[in-house]
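Undergrad: This is the structure I want to talk about, given as structure tokens.
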Amino acid sequence: MSKKISLTNKILIAMGLGLILGSLINIFTPEQPIIQTYFVNGLFHVIGSAFINSLKMLVVPLVTFSLICGVCGIGDINALGRIGLKSFLLYVFTTGLAVSLALTIAIALAPGKDFAQQHHATEFVANVSPPITDVFINIIPSNPIAAFAQGNMLQIIFFVILFAIAMLMTGDIGKQLAKTAEKLNEVMMQVVTLVMDVAPVGVFCLMAKTFSEQGFALIVPMIGYFSVVILCLLLHALGTFSILLTLFAKLNPVAFYKKMRPAQIFAFSTASSNATIPVTLHVLEKRIGVNNTTAAFTVPLGATINMDGTAIMQGVATVFIANVYQIDLGLSQYITIIGMSILASIGTAGVPGVGLIMLAMVFNQVGLPVEGIGLILGVDRLLDMLRTVINITGDATVTCIVARGENTIDDAVFNDPESGIIPELHLPHKSS
């Protein structure tokens, strides 16, 4: 009897097929109108975009109900404050480690020293970054309905936590609402399963479109920069996170990475930490065994303020552009880069391409030409996919550390390789 292919493996196969087909289109039929119109910008674009929208559709209701359940499950406002402070400090700490690692390796390997500037320099217009004071003021929504409609995660988290605390303080009425939120959360988890059942098709189309437009040819002139970023991402993922998981979460990193694979695949194909929240929550709660009271709080917060992968890109890109333009950076500027990367990660959203906006903020601060970002635009989409994997892995690592400290992680679930595997979905039907 043949073994059934798991959903995760189906998604991996779809990703590989999409990558191959997209690359072939890029090489052999880049100007073919029928292929470009009906497939790349037609079928692949429509299905891929619809799939990302279906994931984003889940985020706000899932975070809302899950966070209400989490806060009410904690039941203690002091414990909630403790979890919040631990999460925030750990996210800032890992982002600081990430950008420091990137700067150290980039300075040692010096990408861009012999770079010929005639390579594909594209015009880049930087968005004006908001002052840091506005970032903190805007955490509090002036209109909660607008925050929910626009998917502003920091504002949503602030309002829902405040609302859930008020529920705790209102006694029986709050308890009844909490029970309703638990039922709604259960239904939303089932909606996640429904969406994930069509994931292989969505991932295939996303990958086919990305690689048919980007291809691998753009990487060649940028191989030094591209390689250093990937090296730093791997070192941070397999080194920093593994050490943190072993020392503070008391978990086996190999088992952790095996269980994180579905969330990492989604992060890679969507290039959005926010769109991956439903899958990250599912993996942490059902596969790794973190209680909802912790995961519901730390995961949405991490998707919003924790950007280790993006911080690594900023560190390497800063050194790369400085080398290309032959600008010497001093110690004070490197310290500024670390500080700016941490602050920028707190003030920007977990959506595709946000890293370039953050990078423009950093460049402005240390006096590098913002137009230099045009040099790395070509490979940024591919790197965006990779660094999103690091971002959500960092969210999960911090969640596990906080859960271990709060004693809200079930080792029996973590040690069971079969726990929480997403089943093949069979919709109920009436028998005739």
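Chain labels run A, B, ... following the order of the structure tokens; each chain numbers its residues from 1, and ligands are numbered from 1 in the order shown.
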Which residues are close to A:Leu80, i.e. within 12 Å by only C-alpha atoms, leaving aside same-chain residues fewer than 5 positions away? Reply as JSON, numbers by chain.
TA: {"A": [67, 68, 70, 71, 72, 73, 74, 75, 85, 86, 87, 161, 162, 164, 165, 168, 293, 294, 296, 297, 298, 402, 406]}
Undergrad: Please save C-alpha atoms of the selected residues as a PDB file, in the first residue's frame.
TA:
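Below you can see out-v6.pdb, which holds the result:
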```pdb
ATOM      1  CA  LEU A  67      -5.948  37.006  21.424  1.00  0.00           C
ATOM      2  CA  ILE A  68      -9.198  37.326  23.410  1.00  0.00           C
ATOM      3  CA  GLY A  70      -5.283  34.053  25.190  1.00  0.00           C
ATOM      4  CA  VAL A  71      -5.800  37.052  27.498  1.00  0.00           C
ATOM      5  CA  CYS A  72      -8.865  35.519  29.160  1.00  0.00           C
ATOM      6  CA  GLY A  73      -7.005  32.204  29.468  1.00  0.00           C
ATOM      7  CA  ILE A  74      -4.153  33.923  31.319  1.00  0.00           C
ATOM      8  CA  GLY A  75      -6.743  35.511  33.591  1.00  0.00           C
ATOM      9  CA  LEU A  85       7.482  42.566  28.355  1.00  0.00           C
ATOM     10  CA  LYS A  86       9.391  39.277  27.898  1.00  0.00           C
ATOM     11  CA  SER A  87       8.225  38.991  24.267  1.00  0.00           C
ATOM     12  CA  ILE A 161      -5.885  43.346  24.684  1.00  0.00           C
ATOM     13  CA  LEU A 162      -7.623  46.360  26.249  1.00  0.00           C
ATOM     14  CA  ALA A 164     -10.072  41.425  26.750  1.00  0.00           C
ATOM     15  CA  ILE A 165      -8.806  42.990  30.015  1.00  0.00           C
ATOM     16  CA  LEU A 168     -11.878  39.950  32.677  1.00  0.00           C
ATOM     17  CA  THR A 293      -2.592  31.834  26.079  1.00  0.00           C
ATOM     18  CA  THR A 294       1.023  32.485  25.028  1.00  0.00           C
ATOM     19  CA  ALA A 296      -2.057  34.156  20.656  1.00  0.00           C
ATOM     20  CA  PHE A 297      -0.137  37.081  22.115  1.00  0.00           C
ATOM     21  CA  THR A 298       3.443  36.541  20.935  1.00  0.00           C
ATOM     22  CA  VAL A 402       8.336  32.683  26.629  1.00  0.00           C
ATOM     23  CA  GLU A 406       5.516  30.593  31.724  1.00  0.00           C
TER      24      GLU A 406
END
```
Undergrad: Report as a Markdown table the residues of stretch 99-193 of chain A within 7 Å of stretch 314-335 of chain A, each with its shortest atom pair and distance in Å (one decimal), using only C-alpha atoms, ordered by chain and increasing residue number.
TA:
```
| residue | atom | partner | partner_atom | distance |
| --- | --- | --- | --- | --- |
| A:Val99 | CA | A:Gly315 | CA | 5.4 |
| A:Ala102 | CA | A:Gly315 | CA | 5.2 |
| A:Leu103 | CA | A:Gly315 | CA | 5.0 |
| A:Ala106 | CA | A:Val316 | CA | 5.4 |
| A:Ile107 | CA | A:Val319 | CA | 6.7 |
| A:Pro111 | CA | A:Phe320 | CA | 5.3 |
| A:Gly112 | CA | A:Phe320 | CA | 5.0 |
| A:Lys113 | CA | A:Asn323 | CA | 5.2 |
| A:Phe115 | CA | A:Val324 | CA | 6.1 |
```
Undergrad: One decimal, Å: what's the distance from atom CA of A:Asp76 over to atom CA of A:Ala403, could you say?
TA: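 Taking atom CA of A:Asp76 and atom CA of A:Ala403, their separation equals 15.6 Å.
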Undergrad: Find the residues of stretch 194-313 of chain A that sit at most 12 Å from stretch 36-48 of chain A; for each, write down the nearest two atoms and how far apart they are in Å, to one decimal. Count only C-alpha atoms. Sort by chain, then by number going up, and give it as a Markdown table.
TA:
```
| residue | atom | partner | partner_atom | distance |
| --- | --- | --- | --- | --- |
| A:Val198 | CA | A:Ile47 | CA | 10.5 |
| A:Ala199 | CA | A:Gly48 | CA | 9.7 |
| A:Pro200 | CA | A:Gly48 | CA | 10.5 |
| A:Val201 | CA | A:Ile47 | CA | 7.9 |
| A:Gly202 | CA | A:Gly48 | CA | 5.1 |
| A:Val203 | CA | A:Gly48 | CA | 6.9 |
| A:Phe204 | CA | A:Gly48 | CA | 8.0 |
| A:Cys205 | CA | A:Phe44 | CA | 4.5 |
| A:Leu206 | CA | A:Gly48 | CA | 4.8 |
| A:Met207 | CA | A:Gly48 | CA | 8.5 |
| A:Ala208 | CA | A:Phe44 | CA | 6.9 |
| A:Lys209 | CA | A:Val40 | CA | 5.4 |
| A:Thr210 | CA | A:Val40 | CA | 8.8 |
| A:Phe211 | CA | A:Val40 | CA | 9.8 |
| A:Ser212 | CA | A:Val40 | CA | 7.1 |
| A:Glu213 | CA | A:Val40 | CA | 8.1 |
| A:Gln214 | CA | A:Val40 | CA | 11.7 |
| A:Ser269 | CA | A:Gly48 | CA | 9.6 |
| A:Thr270 | CA | A:Gly48 | CA | 9.0 |
```
Undergrad: With C-alpha atoms retained, could you export that selection as a PDB file, in the first residue's frame?
TA:
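Heads up, here's the output in selection-v4.pdb:
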```pdb
ATOM      1  CA  VAL A 198      -5.899  24.477  -1.598  1.00  0.00           C
ATOM      2  CA  ALA A 199      -2.415  25.734  -0.694  1.00  0.00           C
ATOM      3  CA  PRO A 200      -0.448  23.564  -3.199  1.00  0.00           C
ATOM      4  CA  VAL A 201      -2.248  25.214  -6.149  1.00  0.00           C
ATOM      5  CA  GLY A 202      -1.762  28.715  -4.707  1.00  0.00           C
ATOM      6  CA  VAL A 203       1.926  28.148  -3.927  1.00  0.00           C
ATOM      7  CA  PHE A 204       2.556  26.695  -7.412  1.00  0.00           C
ATOM      8  CA  CYS A 205       1.079  29.815  -9.065  1.00  0.00           C
ATOM      9  CA  LEU A 206       2.965  32.219  -6.769  1.00  0.00           C
ATOM     10  CA  MET A 207       6.296  30.538  -7.465  1.00  0.00           C
ATOM     11  CA  ALA A 208       5.656  30.242 -11.220  1.00  0.00           C
ATOM     12  CA  LYS A 209       4.817  33.957 -11.488  1.00  0.00           C
ATOM     13  CA  THR A 210       7.742  35.124  -9.319  1.00  0.00           C
ATOM     14  CA  PHE A 211      10.384  33.116 -11.187  1.00  0.00           C
ATOM     15  CA  SER A 212       8.925  33.763 -14.651  1.00  0.00           C
ATOM     16  CA  GLU A 213       9.393  37.494 -13.942  1.00  0.00           C
ATOM     17  CA  GLN A 214      12.619  37.376 -11.903  1.00  0.00           C
ATOM     18  CA  SER A 269       5.849  31.521  -0.942  1.00  0.00           C
ATOM     19  CA  THR A 270       3.913  34.560   0.384  1.00  0.00           C
TER      20      THR A 270
END
```
Undergrad: Counting only C-alpha atoms, which residue out of A:Pro417, A:Gly215, A:Pro253, A:Gly224 sits closest to A:Leu19?
TA: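 Checking each candidate against A:Leu19, we get A:Gly215 as the closest.
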Undergrad: Check the smallest atom-to-atom distance from each of A:Arg82, A:His236, A:Lys175, A:Arg381 to A:Leu101 using only C-alpha atoms, then report the winner.
TA: A:His236
Undergrad: At a cut-off of 10 Å, can you tabulate as a tab-separated table every residue of stretch 125-195 of chain A near stretch 272-288 of chain A together with its closest atom pair and the distance in Å to one decimal, using only C-alpha atoms and ordering rows by chain then number?
TA:
```
residue	atom	partner	partner_atom	distance
A:Gly151	CA	A:Asn274	CA	9.4
A:Met153	CA	A:Asn274	CA	8.5
A:Met188	CA	A:Pro278	CA	9.2
A:Met189	CA	A:His282	CA	7.7
A:Val191	CA	A:Pro278	CA	9.8
A:Val192	CA	A:Pro278	CA	6.6
A:Thr193	CA	A:Val279	CA	9.2
```
